[in-house]
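Structure first, then comments.
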Amino acid sequence: MDVVLDDRLLIEELLVGLDRRGAQLHTTSYWYYRACHAAVAGAGGHLSGPFRDLPHAEQQRAITSMLQLPEEIGLPRPRDVVPIMVSVAGRHPGLNVVNLEAVATARWLGATLWLSPEGASGMLPDVLGAEELTWETITPS
């Protein structure tokens, strides 16, 4: 089963690991960027909180791991995803580019999206339903 992780769950996977349930993990370019930015320049929000709570030496190792995305986490190529983003944007003109990429990536991979509670609280779940894509809320530890 292919799964697309949102930014918060990507952080969770890289810091402590997720119960993969046999899934092949992927993320999007924007979610990867947001996770890396939170690690490096976090301001204490839900994305950077897990880094802030680590001792300094572990924090530096965690930041390094974020900046070197493991090969086993898929990151689809923009040339495959962008045309789908354009199509989705035509059907959902109010959707931001971060969520457009998430929907398009799930469509491209035929994947389920795993969303953190924060990710599941916005408009993305309604769009996923309209697009007939599957998603789950996964609560980080």
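Labels used: A, B, ... for chains in the order of the structure tokens, numbers from 1 for residues in each chain, and numbers from 1 for ligands as shown.
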Q. Using only C-alpha atoms, which residues sit within 12 Å of Leu113 in chain A once same-chain residues fewer than 6 positions away are excluded, as a ChimeraX atom specification?
A. /A:1-7,9-10,23-28,99,101-107,119-120,124-125,128-129,132-138
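Residues of chain A assigned to strand (DSSP E) by DSSP on this structure's backbone: Asp2, Val3, Val4, Leu5, Gln24, Leu25, His26, Thr112, Leu113, Trp114, Leu115, Trp135, Glu136 and Thr137 of chain A.
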Would you write out those residues with all heavy atoms, as a compact mmCIF listing (two decimals), in the first residue's frame?
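Heads up, here's the output in again-v3.txt:
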```txt
# COMPACT_ATOMS: atom_id res chain seq x y z
N ASP A 2 0.60 2.18 -0.88
CA ASP A 2 1.31 3.45 -0.93
C ASP A 2 0.59 4.47 -0.06
O ASP A 2 -0.64 4.58 -0.10
CB ASP A 2 1.39 3.97 -2.36
CG ASP A 2 2.38 3.18 -3.20
OD1 ASP A 2 3.54 3.11 -2.79
OD2 ASP A 2 1.98 2.65 -4.25
N VAL A 3 1.38 5.23 0.70
CA VAL A 3 0.85 6.24 1.61
C VAL A 3 1.63 7.53 1.42
O VAL A 3 2.86 7.50 1.28
CB VAL A 3 0.98 5.76 3.08
CG1 VAL A 3 0.71 6.88 4.06
CG2 VAL A 3 0.07 4.59 3.35
N VAL A 4 0.92 8.65 1.42
CA VAL A 4 1.54 9.97 1.36
C VAL A 4 1.42 10.60 2.75
O VAL A 4 0.32 10.74 3.27
CB VAL A 4 0.87 10.87 0.30
CG1 VAL A 4 1.51 12.26 0.29
CG2 VAL A 4 0.93 10.23 -1.08
N LEU A 5 2.57 10.95 3.33
CA LEU A 5 2.62 11.55 4.66
C LEU A 5 2.56 13.07 4.57
O LEU A 5 3.25 13.67 3.75
CB LEU A 5 3.93 11.20 5.37
CG LEU A 5 4.25 9.74 5.59
CD1 LEU A 5 5.64 9.61 6.22
CD2 LEU A 5 3.20 9.08 6.46
N GLN A 24 4.35 1.61 1.91
CA GLN A 24 5.47 2.32 1.29
C GLN A 24 5.18 3.80 1.46
O GLN A 24 4.14 4.29 1.01
CB GLN A 24 5.58 1.97 -0.19
CG GLN A 24 6.58 2.81 -0.96
CD GLN A 24 8.00 2.69 -0.43
OE1 GLN A 24 8.50 1.61 -0.22
NE2 GLN A 24 8.63 3.83 -0.18
N LEU A 25 6.10 4.52 2.11
CA LEU A 25 5.86 5.92 2.45
C LEU A 25 6.36 6.85 1.36
O LEU A 25 7.40 6.62 0.75
CB LEU A 25 6.55 6.27 3.77
CG LEU A 25 6.15 5.42 4.98
CD1 LEU A 25 6.91 5.88 6.22
CD2 LEU A 25 4.64 5.45 5.21
N HIS A 26 5.60 7.94 1.16
CA HIS A 26 5.93 9.02 0.23
C HIS A 26 5.57 10.33 0.91
O HIS A 26 4.85 10.36 1.91
CB HIS A 26 5.10 8.91 -1.06
CG HIS A 26 5.19 7.59 -1.73
ND1 HIS A 26 6.11 7.31 -2.71
CD2 HIS A 26 4.46 6.45 -1.57
CE1 HIS A 26 5.96 6.07 -3.13
NE2 HIS A 26 4.96 5.53 -2.45
N THR A 112 -3.10 6.40 -0.37
CA THR A 112 -3.88 6.94 0.74
C THR A 112 -3.06 8.06 1.37
O THR A 112 -1.84 7.93 1.51
CB THR A 112 -4.15 5.84 1.78
OG1 THR A 112 -4.93 4.82 1.18
CG2 THR A 112 -4.86 6.38 3.01
N LEU A 113 -3.71 9.16 1.76
CA LEU A 113 -3.03 10.21 2.50
C LEU A 113 -3.18 9.95 3.98
O LEU A 113 -4.28 9.66 4.45
CB LEU A 113 -3.61 11.59 2.17
CG LEU A 113 -2.91 12.29 1.02
CD1 LEU A 113 -3.58 11.96 -0.28
CD2 LEU A 113 -2.89 13.76 1.26
N TRP A 114 -2.06 10.04 4.70
CA TRP A 114 -2.09 10.01 6.15
C TRP A 114 -1.91 11.44 6.60
O TRP A 114 -0.88 12.07 6.33
CB TRP A 114 -0.99 9.13 6.71
CG TRP A 114 -1.27 7.65 6.62
CD1 TRP A 114 -2.36 7.05 6.09
CD2 TRP A 114 -0.41 6.60 7.07
NE1 TRP A 114 -2.24 5.69 6.18
CE2 TRP A 114 -1.06 5.38 6.78
CE3 TRP A 114 0.84 6.58 7.68
CZ2 TRP A 114 -0.49 4.15 7.08
CZ3 TRP A 114 1.40 5.35 7.99
CH2 TRP A 114 0.74 4.15 7.70
N LEU A 115 -2.92 11.97 7.29
CA LEU A 115 -2.91 13.35 7.75
C LEU A 115 -2.83 13.40 9.26
O LEU A 115 -3.52 12.64 9.95
CB LEU A 115 -4.18 14.07 7.29
CG LEU A 115 -4.44 14.11 5.79
CD1 LEU A 115 -5.81 14.72 5.51
CD2 LEU A 115 -3.34 14.88 5.09
N TRP A 135 -8.10 8.72 2.75
CA TRP A 135 -7.24 9.37 3.71
C TRP A 135 -7.58 8.87 5.10
O TRP A 135 -8.66 8.35 5.34
CB TRP A 135 -7.35 10.89 3.64
CG TRP A 135 -8.69 11.44 4.00
CD1 TRP A 135 -9.80 11.52 3.21
CD2 TRP A 135 -9.08 11.97 5.26
NE1 TRP A 135 -10.83 12.06 3.90
CE2 TRP A 135 -10.41 12.36 5.17
CE3 TRP A 135 -8.39 12.16 6.46
CZ2 TRP A 135 -11.11 12.92 6.23
CZ3 TRP A 135 -9.08 12.73 7.53
CH2 TRP A 135 -10.43 13.10 7.40
N GLU A 136 -6.60 9.01 6.01
CA GLU A 136 -6.77 8.65 7.42
C GLU A 136 -6.13 9.72 8.28
O GLU A 136 -5.14 10.31 7.87
CB GLU A 136 -6.06 7.33 7.75
CG GLU A 136 -6.62 6.10 7.14
CD GLU A 136 -5.81 4.88 7.59
OE1 GLU A 136 -5.54 4.73 8.81
OE2 GLU A 136 -5.45 4.10 6.71
N THR A 137 -6.68 9.90 9.46
CA THR A 137 -6.02 10.74 10.45
C THR A 137 -5.13 9.85 11.30
O THR A 137 -5.58 8.84 11.83
CB THR A 137 -7.05 11.46 11.36
OG1 THR A 137 -7.90 12.26 10.54
CG2 THR A 137 -6.35 12.33 12.38
```
(Q) To one decimal place in Å, what is the distance between CA of Asp126 in chain A and CA of Trp31 in chain A? (A) 19.0 Å
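Here CA of Glu118 in chain A stands at a distance of 21.3 Å from CA of Leu54 in chain A.
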When DSSP is applied to the backbone of this structure, which of chain A are assigned alpha helix (DSSP H)? Write them out as a JSON list (two decimals) with C-alpha atoms, in the first residue's frame.
```json
[["chain", "number", "residue", "atom", "x", "y", "z"],
["A", 7, "ASP", "CA", 4.58, 17.35, 6.94],
["A", 8, "ARG", "CA", 3.89, 16.59, 10.60],
["A", 9, "LEU", "CA", 3.80, 12.83, 10.03],
["A", 10, "LEU", "CA", 6.97, 13.03, 7.94],
["A", 11, "ILE", "CA", 8.67, 14.64, 10.94],
["A", 12, "GLU", "CA", 7.30, 11.88, 13.18],
["A", 13, "GLU", "CA", 8.59, 9.16, 10.85],
["A", 14, "LEU", "CA", 12.07, 10.66, 10.70],
["A", 15, "LEU", "CA", 12.37, 11.38, 14.43],
["A", 29, "SER", "CA", 7.91, 18.51, -2.17],
["A", 30, "TYR", "CA", 6.01, 21.21, -0.26],
["A", 31, "TRP", "CA", 5.44, 19.04, 2.79],
["A", 32, "TYR", "CA", 9.11, 18.04, 2.75],
["A", 33, "TYR", "CA", 10.10, 21.71, 2.50],
["A", 34, "ARG", "CA", 7.79, 22.70, 5.37],
["A", 35, "ALA", "CA", 9.19, 19.89, 7.56],
["A", 36, "CYS", "CA", 12.79, 20.92, 6.81],
["A", 37, "HIS", "CA", 12.02, 24.59, 7.40],
["A", 38, "ALA", "CA", 10.39, 23.77, 10.73],
["A", 39, "ALA", "CA", 13.46, 21.78, 11.75],
["A", 40, "VAL", "CA", 15.95, 24.48, 10.81],
["A", 41, "ALA", "CA", 14.09, 27.71, 11.61],
["A", 49, "GLY", "CA", 7.67, 21.52, 18.43],
["A", 50, "PRO", "CA", 9.12, 18.01, 18.15],
["A", 51, "PHE", "CA", 12.55, 19.51, 17.39],
["A", 52, "ARG", "CA", 12.40, 22.11, 20.13],
["A", 56, "HIS", "CA", 20.71, 20.06, 21.53],
["A", 57, "ALA", "CA", 22.85, 17.16, 20.20],
["A", 58, "GLU", "CA", 19.77, 15.12, 19.26],
["A", 59, "GLN", "CA", 18.20, 18.22, 17.74],
["A", 60, "GLN", "CA", 21.19, 18.64, 15.42],
["A", 61, "ARG", "CA", 21.03, 14.96, 14.37],
["A", 62, "ALA", "CA", 17.28, 15.32, 13.73],
["A", 63, "ILE", "CA", 17.82, 18.41, 11.58],
["A", 64, "THR", "CA", 20.49, 16.60, 9.57],
["A", 65, "SER", "CA", 18.13, 13.65, 9.03],
["A", 66, "MET", "CA", 15.42, 16.01, 7.78],
["A", 67, "LEU", "CA", 17.79, 17.54, 5.23],
["A", 78, "PRO", "CA", 7.17, 17.52, -10.29],
["A", 79, "ARG", "CA", 6.93, 16.69, -14.00],
["A", 80, "ASP", "CA", 4.53, 13.88, -13.06],
["A", 81, "VAL", "CA", 2.55, 15.74, -10.41],
["A", 82, "VAL", "CA", 2.23, 19.30, -11.77],
["A", 83, "PRO", "CA", -0.15, 18.46, -14.66],
["A", 84, "ILE", "CA", -2.44, 16.71, -12.18],
["A", 85, "MET", "CA", -2.21, 19.75, -9.86],
["A", 86, "VAL", "CA", -3.46, 21.95, -12.71],
["A", 87, "SER", "CA", -6.40, 19.62, -13.29],
["A", 88, "VAL", "CA", -7.30, 19.54, -9.58],
["A", 89, "ALA", "CA", -7.00, 23.34, -9.37],
["A", 90, "GLY", "CA", -9.62, 23.62, -12.11],
["A", 91, "ARG", "CA", -12.07, 21.64, -9.99],
["A", 97, "VAL", "CA", -0.65, 24.91, -3.76],
["A", 98, "VAL", "CA", 0.43, 22.75, -0.79],
["A", 99, "ASN", "CA", -2.89, 20.91, -0.79],
["A", 100, "LEU", "CA", -3.03, 20.79, -4.59],
["A", 101, "GLU", "CA", 0.27, 18.94, -4.58],
["A", 102, "ALA", "CA", -0.98, 16.54, -1.89],
["A", 103, "VAL", "CA", -4.12, 15.68, -3.86],
["A", 104, "ALA", "CA", -2.17, 15.32, -7.10],
["A", 105, "THR", "CA", 0.47, 13.13, -5.47],
["A", 106, "ALA", "CA", -2.16, 10.83, -4.00],
["A", 107, "ARG", "CA", -3.84, 10.61, -7.40],
["A", 108, "TRP", "CA", -0.52, 9.94, -9.22],
["A", 109, "LEU", "CA", 0.46, 7.18, -6.80],
["A", 124, "LEU", "CA", -8.23, 19.04, 2.40],
["A", 125, "PRO", "CA", -10.43, 16.14, 3.61],
["A", 126, "ASP", "CA", -13.47, 17.56, 1.78],
["A", 127, "VAL", "CA", -11.47, 17.85, -1.45],
["A", 128, "LEU", "CA", -10.10, 14.32, -1.01],
["A", 129, "GLY", "CA", -13.66, 13.07, -0.64],
["A", 130, "ALA", "CA", -14.79, 14.95, -3.74]]
```
**Q.** Gap from CA of Gln68 in chain A to CA of Arg20 in chain A - Å, one decimal
**A.** 19.9 Å
